[in-house]
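Below is one structure, written out as structure tokens; comments come after it.
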Amino acid sequence: MAELRISGVEKVYPNGFKAIHGIDLDVPDGEFIVLVGPSGCGKSTLLRMIAGLETVSSGTIQIGDRVVNELEPADRDIAMVFQNYALYPHMSVYQNMSYGLRNRGYPKDAIEERVQKAAGILQLDGLLDRRPRQLSGGQRQRVAMGRAIVREPSAFLFDEPLSNLDAKLRVQMRVEIKQLQRRLGTTSVYVTHDQIEAMTMADRLVVMNAGVAEQVGTPIELYERPSSVFVGGFIGSPSMNFMPATVEPDGRHLRLSDEARLALPVEGRRVEPGRPVTVGVRPEHLTLSADADSALAFKIVLIEHLGADTLLYGSASSVEATGEGGGLLTVRWSGHHTPPAGEVIRLAADPAHLHLFDAATGRRI
Amino acid sequence: MIKRVTFRHKWLPYALLAPQLLITLVFFIWPASQALYQSVLRQDAFGLRTEFIGFENFADLFADPTYLSSFHITLVFCLAVASISLGFALMLAVMADRVIKGATTYKTLLIWPYAVAPAIAGVLWYFMFNPSIGINAWILRTVFGYDWNHTLDGGDALLLVIIAAAWKQVSYNFLFFLAGLQAIPRSLIEAAAIDGASPLKRFWTIVFPLLSPTTFFLLVVNVVYAFFDTFGTIHATTNGGPAGATNTLVYKVFNDGFIGLDLGGSAAQSVILMIIVVSLTVVQFRYIERRVEY
């Protein structure tokens with residue numbers, strides 16, 4: 001059990017590529033923190049630096065009250081679960097789980113007791129004599145977890161541990177890992193590129209982009225107040241809609257195009273008139289509107305039925321959407337009774353759920 | 001699944017197989033059957049009379065102390081060549097696996113000895129260990145006070161051919177070991193490092209066991225090499241001497257058959273070698289296909 005403190009950590013590779021541009025992060029004891037971001041954002045590099053598998057170019061990493069920059073991975077009191085599980089193929093499950101303890105010279109009966117206990121927790125009891133290749137994906141995942149928990153380390157590090165599993169198993173293991181972490185109360189750092197995994201598992205999450213921590217916060221904080229266009233687009237599924245807009249002279253409305261206007265959120269009233277902004281609105285916050293004055297005319301192009309709700313893709317009165325939808329806006333429609341494709345509906349956005357970002361920097365206004 | 005192809009013409013499959021069959025027939029089946037045939041015959045010194053003598057050639061061989069000593073020498077030679085070349089190659093491969101700068105140059109240089117013909121390799125080492133002009137012999141004499149002379153001392157001679165034969169095989173083994181090492185996922189080594197295993201322990205408990213399919217394959221290849229492909233090395237350096245100290249089985253076949261002109265005895269020896277290589281191959285296929293895969 002220990003807190004983890006990362007201060008001003010940078011990573012520069014010998015070829016001059018700067019992978020991490022100075023990250024500060026405090027993880028209190030027992031917290032489950034998720035590093036999330038697209039591939040190449042530096043999240044795995046940061047995790048490997050915490051593990052001691054990559055050197056730290058500058059800054060310090062502290063686990064408990066020790067600065068671990070110069071310590072070998074074995075001396076950092078951490079355990080890591082790898083993406084490909086990294087099970088030793090020539091050893092049985094029991095040998096895999098006890099390897100770390102044997103290397104540290106634990107007595108035989110203590111090893112036996114710990115492995116049996118971990119096997120009990122992870123439902124691996126009958127499998128201890130098997131070789132990894134005789135196990136299913138989910139079982140291998142559990143053995144990798146078992147290898148981590150028998151050591152009772154100060155911190156768990158997870159490097160995309162679920163990405164090799166099929167969708168159903170992934171959801172199941174997600175719950176199991178989260179429960180296990182709650183039960184053991186061990187500080188955990190979890191790396192993933194999957195924002196749903198990040199949202200569901202994290203106590204707090206760190207959204208990383210190009211070697212920078214864009215925003216740190218609880219899942220709901222990040223969902224409700226994304227600090228940048230990047231975070232807004234990354235968190236939430238389907239992705240947030242973005243549109244270029246300017247603030248009208250009255251300072252209370254946004255002009256999207258000649259015929260489309262939106263009412264400004266209360267906090268947005270401080271924005272000076274005429275300023276170009278990017279406005280973000282989530283698909284679930286676009287609703288049917290009767291008010292013709294401040295509404296978007298939305299022409300339905302494509303309908304996706306998800307069951308409980310339906311996604312409508314479409315274009316809105318000469319508004320150029322800049323989000324992930326390929327120029328289309330996305331609307332989340334409750335239920336499955338929707339107008340047919342081709343029809344034009346009028347949409348309004350709840351001003352409380354409009355996000356304004358600077359058009360040039362992408363930062364939240 | 002094996003794909004089944006059906007040919008419309010009866011003669012087509014035979015025509016397609018013919019070149020391969022012809023080569024096998026001319027260069028393998030025919031000489032091998034000649035050896036089998038010769039091994040049960042005896043000719044007089046002038047080749048005027050040939051008589052069938054059954055297994056007498058074989059019986060003579062196993063009663064012959066020089067043949068049994070040749071067997072013994074071959075075993076020592078074989079084990080020494082295989083272990084030295086495997087051990088050395090593994091060491092080089094482990095080091096090459098860690099090299100970052102100039103890795104390609106380093107690897108290329110290590111592969112060169114494989115391109116050297118066995119006889120040349122033998123002569124190379126012959127000169128380096130030459131008692132009067134060789135640099136290694138000189139170092140041994142001046143630094144270690146050891147009077148090296150492979151033309152007189154049987155032990156020195158055997159050591160010389162072992163070194164020459166092993167040196168040539170290191171490159172081949174190195175290539176396979178390097179490929180084997182690079183096939184081990186990096187994360188396994190990292191996991192072991194986090195699990196508190198020292199670099200040496202990581203090697204012996206993780207890397208070496210995972211290399212075992214490669215090692216086993218190379219062991220068989222090296223034994224076959226030492227048994228059969230080292231004729232050139234020995235012929236160019238020691239000629240099987242002094243006093244038969246480097247007279248391995250293959251060399252003895254040549255020596256007895258073409259120098260001693262005992263064709264029957266020589267043929268019997270090659271039949272025995274044939275049996276050995278067949279059983280080695282069987283062992284290799286049996287084990288490579290089973291057991292050693294993860």
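To be explicit about the labels: the chains of the structure tokens are called A, B, and onward in the order shown, and within each one the residues are counted from 1, while ligands get numbers from 1 in the order they are shown.
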
Can you work out which residues from chain A touch chain B at a cut-off of 8 Å (counting only C-alpha atoms) and hand them back as a PyMOL selection string? chain A and resi 51+53+73-75+78-80+82+84+86-90+99-101+103-104+133

Selection above as a file: N, CA and C atoms, as a PDB file, in the first residue's frame:
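Written output follows (part_6.pdb):
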```pdb
ATOM      1  N   ALA A  51       7.274   1.367 -13.840  1.00  0.00           N
ATOM      2  CA  ALA A  51       7.695  -0.011 -13.576  1.00  0.00           C
ATOM      3  C   ALA A  51       9.208  -0.147 -13.539  1.00  0.00           C
ATOM      4  N   LEU A  53      10.986  -0.138 -16.446  1.00  0.00           N
ATOM      5  CA  LEU A  53      11.397  -0.785 -17.690  1.00  0.00           C
ATOM      6  C   LEU A  53      11.912   0.242 -18.696  1.00  0.00           C
ATOM      7  N   PRO A  73      13.536  -2.674 -11.509  1.00  0.00           N
ATOM      8  CA  PRO A  73      12.104  -3.009 -11.431  1.00  0.00           C
ATOM      9  C   PRO A  73      11.780  -3.914 -10.240  1.00  0.00           C
ATOM     10  N   ALA A  74      12.687  -4.848  -9.959  1.00  0.00           N
ATOM     11  CA  ALA A  74      12.428  -5.810  -8.888  1.00  0.00           C
ATOM     12  C   ALA A  74      12.383  -5.135  -7.523  1.00  0.00           C
ATOM     13  N   ASP A  75      13.084  -3.996  -7.377  1.00  0.00           N
ATOM     14  CA  ASP A  75      13.183  -3.360  -6.065  1.00  0.00           C
ATOM     15  C   ASP A  75      12.133  -2.283  -5.844  1.00  0.00           C
ATOM     16  N   ILE A  78       6.467  -3.275  -7.075  1.00  0.00           N
ATOM     17  CA  ILE A  78       5.295  -3.144  -7.936  1.00  0.00           C
ATOM     18  C   ILE A  78       5.077  -4.481  -8.635  1.00  0.00           C
ATOM     19  N   ALA A  79       3.882  -4.674  -9.153  1.00  0.00           N
ATOM     20  CA  ALA A  79       3.637  -5.848  -9.995  1.00  0.00           C
ATOM     21  C   ALA A  79       2.946  -5.352 -11.244  1.00  0.00           C
ATOM     22  N   MET A  80       3.220  -6.017 -12.343  1.00  0.00           N
ATOM     23  CA  MET A  80       2.689  -5.523 -13.614  1.00  0.00           C
ATOM     24  C   MET A  80       1.953  -6.635 -14.356  1.00  0.00           C
ATOM     25  N   PHE A  82       0.810  -7.574 -18.121  1.00  0.00           N
ATOM     26  CA  PHE A  82       1.132  -7.154 -19.476  1.00  0.00           C
ATOM     27  C   PHE A  82      -0.017  -7.412 -20.436  1.00  0.00           C
ATOM     28  N   ASN A  84       0.069  -8.923 -23.323  1.00  0.00           N
ATOM     29  CA  ASN A  84       0.051 -10.313 -23.806  1.00  0.00           C
ATOM     30  C   ASN A  84       0.198 -11.288 -22.647  1.00  0.00           C
ATOM     31  N   ALA A  86       2.351 -12.168 -20.758  1.00  0.00           N
ATOM     32  CA  ALA A  86       3.751 -12.523 -20.475  1.00  0.00           C
ATOM     33  C   ALA A  86       3.865 -13.663 -19.482  1.00  0.00           C
ATOM     34  N   LEU A  87       3.034 -14.690 -19.644  1.00  0.00           N
ATOM     35  CA  LEU A  87       3.172 -15.874 -18.794  1.00  0.00           C
ATOM     36  C   LEU A  87       4.351 -16.690 -19.292  1.00  0.00           C
ATOM     37  N   TYR A  88       5.056 -17.350 -18.373  1.00  0.00           N
ATOM     38  CA  TYR A  88       6.197 -18.175 -18.767  1.00  0.00           C
ATOM     39  C   TYR A  88       5.653 -19.483 -19.337  1.00  0.00           C
ATOM     40  N   PRO A  89       5.802 -19.723 -20.639  1.00  0.00           N
ATOM     41  CA  PRO A  89       5.095 -20.838 -21.277  1.00  0.00           C
ATOM     42  C   PRO A  89       5.576 -22.210 -20.819  1.00  0.00           C
ATOM     43  N   HIS A  90       6.802 -22.280 -20.303  1.00  0.00           N
ATOM     44  CA  HIS A  90       7.338 -23.587 -19.920  1.00  0.00           C
ATOM     45  C   HIS A  90       7.076 -23.906 -18.459  1.00  0.00           C
ATOM     46  N   TYR A  99       6.846 -17.771  -9.094  1.00  0.00           N
ATOM     47  CA  TYR A  99       8.201 -17.418  -9.568  1.00  0.00           C
ATOM     48  C   TYR A  99       8.787 -16.214  -8.824  1.00  0.00           C
ATOM     49  N   GLY A 100       7.991 -15.162  -8.697  1.00  0.00           N
ATOM     50  CA  GLY A 100       8.470 -13.950  -8.029  1.00  0.00           C
ATOM     51  C   GLY A 100       8.801 -14.199  -6.561  1.00  0.00           C
ATOM     52  N   LEU A 101       7.990 -15.025  -5.911  1.00  0.00           N
ATOM     53  CA  LEU A 101       8.219 -15.320  -4.495  1.00  0.00           C
ATOM     54  C   LEU A 101       9.462 -16.183  -4.333  1.00  0.00           C
ATOM     55  N   ASN A 103      12.021 -16.255  -6.314  1.00  0.00           N
ATOM     56  CA  ASN A 103      13.208 -15.427  -6.542  1.00  0.00           C
ATOM     57  C   ASN A 103      13.552 -14.596  -5.321  1.00  0.00           C
ATOM     58  N   ARG A 104      12.550 -14.296  -4.516  1.00  0.00           N
ATOM     59  CA  ARG A 104      12.807 -13.472  -3.341  1.00  0.00           C
ATOM     60  C   ARG A 104      13.080 -14.328  -2.112  1.00  0.00           C
ATOM     61  N   ARG A 133      -0.539 -22.641 -22.182  1.00  0.00           N
ATOM     62  CA  ARG A 133      -1.175 -22.861 -23.476  1.00  0.00           C
ATOM     63  C   ARG A 133      -2.401 -23.759 -23.387  1.00  0.00           C
TER      64      ARG A 133
END
```

Write out as a PyMOL selection string each polymer residue whose atoms come within 12 Å of Phe176 (chain B), counting only C-alpha atoms; drop sequence neighbours fewer than 6 positions from it. chain B and resi 86+89-90+92-94+111+169-170+182-183+211-219+221

For the selection you just gave me, I'd like the residues written to a file as an mmCIF file, in the first residue's frame, keeping C-alpha atoms.
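out-v1.cif written:
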```
data_model
loop_
_atom_site.group_PDB
_atom_site.id
_atom_site.type_symbol
_atom_site.label_atom_id
_atom_site.label_comp_id
_atom_site.auth_asym_id
_atom_site.auth_seq_id
_atom_site.Cartn_x
_atom_site.Cartn_y
_atom_site.Cartn_z
ATOM 1 C CA LEU B 86 26.961 -24.393 -29.322
ATOM 2 C CA ALA B 89 27.511 -19.384 -30.396
ATOM 3 C CA LEU B 90 24.941 -19.006 -27.608
ATOM 4 C CA LEU B 92 27.795 -14.531 -28.863
ATOM 5 C CA ALA B 93 24.086 -14.535 -29.700
ATOM 6 C CA VAL B 94 23.119 -13.358 -26.214
ATOM 7 C CA ILE B 111 28.416 -14.927 -40.017
ATOM 8 C CA GLN B 169 30.121 -24.110 -37.031
ATOM 9 C CA VAL B 170 29.800 -21.192 -34.593
ATOM 10 C CA GLN B 182 14.591 -12.606 -30.879
ATOM 11 C CA ALA B 183 11.507 -14.787 -30.989
ATOM 12 C CA LEU B 211 15.453 -21.743 -26.492
ATOM 13 C CA SER B 212 15.396 -25.507 -25.997
ATOM 14 C CA PRO B 213 13.710 -26.311 -29.337
ATOM 15 C CA THR B 214 16.476 -24.371 -31.115
ATOM 16 C CA THR B 215 19.171 -25.929 -28.965
ATOM 17 C CA PHE B 216 17.915 -29.425 -29.614
ATOM 18 C CA PHE B 217 17.700 -28.882 -33.336
ATOM 19 C CA LEU B 218 21.219 -27.449 -33.395
ATOM 20 C CA LEU B 219 22.550 -30.283 -31.272
ATOM 21 C CA VAL B 221 22.726 -30.712 -36.728
#
```

To one decimal place, how far is CA of Thr322 (chain A) from CA of Leu254 (chain A) in Å?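 Separation of CA of Thr322 (chain A) and CA of Leu254 (chain A): 16.2 Å.
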
Could you list, as a CSV table (one decimal) with C-alpha atoms, in the first residue's frame, every residue within 10 Å of region 336-348 of chain A, counting only C-alpha atoms and ignoring same-chain residues fewer than 4 positions away?
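Result file is part-v3.csv:
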```
chain,number,residue,atom,x,y,z
A,261,ARG,CA,-28.3,29.9,-34.0
A,262,LEU,CA,-28.0,28.4,-30.5
A,263,ALA,CA,-28.6,30.0,-27.1
A,285,HIS,CA,-27.9,16.7,-25.4
A,286,LEU,CA,-29.5,17.5,-28.7
A,287,THR,CA,-33.3,17.4,-28.4
A,288,LEU,CA,-36.3,18.1,-30.5
A,289,SER,CA,-37.3,21.7,-30.4
A,290,ALA,CA,-40.5,23.7,-31.3
A,291,ASP,CA,-38.7,27.0,-31.2
A,292,ALA,CA,-37.9,27.8,-34.8
A,293,ASP,CA,-35.8,30.8,-33.9
A,294,SER,CA,-32.9,29.2,-32.2
A,295,ALA,CA,-33.0,25.7,-33.6
A,296,LEU,CA,-31.0,23.6,-36.0
A,297,ALA,CA,-32.7,22.2,-39.0
A,298,PHE,CA,-31.4,18.6,-39.0
A,299,LYS,CA,-31.7,16.3,-42.0
A,300,ILE,CA,-31.6,12.7,-41.1
A,301,VAL,CA,-29.1,10.8,-43.3
A,302,LEU,CA,-28.6,7.5,-41.4
A,303,ILE,CA,-30.2,5.7,-38.5
A,304,GLU,CA,-28.5,3.2,-36.2
A,305,HIS,CA,-30.7,1.2,-33.8
A,306,LEU,CA,-28.9,0.2,-30.6
A,307,GLY,CA,-32.1,-1.1,-28.9
A,308,ALA,CA,-32.6,1.1,-25.9
A,309,ASP,CA,-31.8,4.1,-28.0
A,310,THR,CA,-31.1,5.1,-31.5
A,311,LEU,CA,-28.4,7.1,-33.2
A,312,LEU,CA,-29.3,9.6,-35.9
A,313,TYR,CA,-26.7,10.9,-38.2
A,314,GLY,CA,-27.4,13.9,-40.3
A,315,SER,CA,-26.4,17.3,-41.6
A,316,ALA,CA,-27.7,20.6,-40.1
A,317,SER,CA,-28.5,23.6,-42.2
A,331,VAL,CA,-28.0,12.7,-32.2
```

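Using only C-alpha atoms, the residues found no farther than 12 Å from Ser136 (chain A), other than those of its own chain fewer than 4 positions away, are Leu124, Leu127, Arg130, Arg131, Pro132, Arg140, Gln141, Arg142, Val143, Asn164, Leu165, Asp166 and Leu169 of chain A.
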
Apply DSSP to the structure's backbone, then extract all residues of region 59-274 of chain A labelled alpha helix (DSSP H) and return them as a ChimeraX atom specification. /A:93-103,108-121,137-149,167-184,195-201,219-224,229-234

Give me the residues within 6 Å of Gly59 (chain A) as a PyMOL selection string, counting only C-alpha atoms and dropping any in the same chain fewer than 4 places off. chain A and resi 7-9

Assign secondary structure with DSSP using the backbone only, and return the residues of region 160-244 of chain A in strand (DSSP E or B) as an MDAnalysis selection string. chainID A and resid 187:192 204:209 212:217 228 241:244

Using only N, CA and C atoms, please write the residues we just selected to a file, as an mmCIF file, in the first residue's frame.
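Below is the file that was written, out-v4.cif:
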```
data_model
loop_
_atom_site.group_PDB
_atom_site.id
_atom_site.type_symbol
_atom_site.label_atom_id
_atom_site.label_comp_id
_atom_site.auth_asym_id
_atom_site.auth_seq_id
_atom_site.Cartn_x
_atom_site.Cartn_y
_atom_site.Cartn_z
ATOM 1 N N THR A 187 -3.060 0.480 -4.622
ATOM 2 C CA THR A 187 -2.922 1.554 -5.605
ATOM 3 C C THR A 187 -2.685 0.946 -6.982
ATOM 4 N N SER A 188 -3.441 1.403 -7.972
ATOM 5 C CA SER A 188 -3.318 0.785 -9.296
ATOM 6 C C SER A 188 -3.234 1.836 -10.383
ATOM 7 N N VAL A 189 -2.360 1.585 -11.341
ATOM 8 C CA VAL A 189 -2.287 2.429 -12.534
ATOM 9 C C VAL A 189 -2.640 1.539 -13.717
ATOM 10 N N TYR A 190 -3.603 1.972 -14.503
ATOM 11 C CA TYR A 190 -4.164 1.129 -15.549
ATOM 12 C C TYR A 190 -4.112 1.889 -16.866
ATOM 13 N N VAL A 191 -3.482 1.298 -17.849
ATOM 14 C CA VAL A 191 -3.351 1.953 -19.152
ATOM 15 C C VAL A 191 -4.330 1.328 -20.140
ATOM 16 N N THR A 192 -5.063 2.144 -20.855
ATOM 17 C CA THR A 192 -5.959 1.619 -21.887
ATOM 18 C C THR A 192 -6.167 2.673 -22.969
ATOM 19 N N ARG A 204 -10.117 7.958 -10.858
ATOM 20 C CA ARG A 204 -9.814 9.175 -11.600
ATOM 21 C C ARG A 204 -9.139 8.749 -12.881
ATOM 22 N N LEU A 205 -9.265 9.566 -13.894
ATOM 23 C CA LEU A 205 -8.532 9.207 -15.096
ATOM 24 C C LEU A 205 -7.729 10.367 -15.642
ATOM 25 N N VAL A 206 -6.667 9.994 -16.343
ATOM 26 C CA VAL A 206 -5.762 10.957 -16.938
ATOM 27 C C VAL A 206 -5.890 10.793 -18.445
ATOM 28 N N VAL A 207 -6.361 11.841 -19.117
ATOM 29 C CA VAL A 207 -6.440 11.762 -20.572
ATOM 30 C C VAL A 207 -5.137 12.301 -21.135
ATOM 31 N N MET A 208 -4.426 11.445 -21.871
ATOM 32 C CA MET A 208 -3.128 11.854 -22.403
ATOM 33 C C MET A 208 -3.222 12.066 -23.894
ATOM 34 N N ASN A 209 -2.462 13.052 -24.369
ATOM 35 C CA ASN A 209 -2.414 13.338 -25.800
ATOM 36 C C ASN A 209 -1.023 13.852 -26.128
ATOM 37 N N VAL A 212 1.359 14.665 -23.264
ATOM 38 C CA VAL A 212 0.921 15.649 -22.272
ATOM 39 C C VAL A 212 -0.346 15.121 -21.612
ATOM 40 N N ALA A 213 -0.479 15.362 -20.297
ATOM 41 C CA ALA A 213 -1.721 15.016 -19.618
ATOM 42 C C ALA A 213 -2.706 16.141 -19.883
ATOM 43 N N GLU A 214 -3.691 15.905 -20.740
ATOM 44 C CA GLU A 214 -4.632 16.960 -21.115
ATOM 45 C C GLU A 214 -5.523 17.333 -19.940
ATOM 46 N N GLN A 215 -5.995 16.321 -19.222
ATOM 47 C CA GLN A 215 -6.892 16.583 -18.104
ATOM 48 C C GLN A 215 -6.858 15.404 -17.134
ATOM 49 N N VAL A 216 -6.941 15.731 -15.854
ATOM 50 C CA VAL A 216 -6.996 14.700 -14.825
ATOM 51 C C VAL A 216 -8.262 14.933 -14.026
ATOM 52 N N GLY A 217 -9.047 13.895 -13.798
ATOM 53 C CA GLY A 217 -10.251 14.083 -13.000
ATOM 54 C C GLY A 217 -11.076 12.819 -12.930
ATOM 55 N N SER A 228 -10.653 20.433 -23.003
ATOM 56 C CA SER A 228 -10.236 20.771 -24.358
ATOM 57 C C SER A 228 -11.076 20.001 -25.369
ATOM 58 N N ASN A 241 -20.258 16.194 -30.669
ATOM 59 C CA ASN A 241 -20.325 16.947 -31.931
ATOM 60 C C ASN A 241 -19.596 18.274 -31.771
ATOM 61 N N PHE A 242 -18.812 18.630 -32.763
ATOM 62 C CA PHE A 242 -18.133 19.930 -32.731
ATOM 63 C C PHE A 242 -18.528 20.739 -33.963
ATOM 64 N N MET A 243 -18.791 22.042 -33.730
ATOM 65 C CA MET A 243 -19.126 22.915 -34.858
ATOM 66 C C MET A 243 -18.435 24.251 -34.664
ATOM 67 N N PRO A 244 -17.937 24.852 -35.757
ATOM 68 C CA PRO A 244 -17.377 26.194 -35.633
ATOM 69 C C PRO A 244 -18.528 27.195 -35.477
#
```

Just how far from CA of Pro131 (chain B) is CA of Ile84 (chain B), in Å to one decimal?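 CA of Ile84 (chain B) sits 23.4 Å away from CA of Pro131 (chain B).
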
Which residue of B:Leu200, B:Gly122, B:Leu109, B:Phe177 approaches Ala236 (chain B) most closely, using only C-alpha atoms: B:Gly122

How far is it from CA of Asn15 (chain A) to CA of Met95 (chain B), in Å with one decimal? 22.3 Å

Spatial neighbours of region 231-235 of chain B, 10 Å, only C-alpha atoms, chain gap at least 3 places, as a PyMOL selection string: chain B and resi 117-126+157-158+160-162+164-165+168+225-228+238-241+246-252+254-255

Selection: 6 Å around Ser171 (chain B), only C-alpha atoms, excl. self and same-chain fewer than 3 positions, as a count of residues only: 4

Which one of A:Asp65, A:Glu248, A:Asp125, A:Glu10 sits closest to Ser154 (chain A) if you count only C-alpha atoms?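 Of A:Asp65, A:Glu248, A:Asp125, A:Glu10, the one nearest Ser154 (chain A), counting only C-alpha atoms, is A:Asp65.
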
Using only C-alpha atoms, the shortest atom-to-atom distance to Asp262 (chain B) among B:Leu61, B:Gly54, B:Lys101, B:Ile29 belongs to B:Leu61
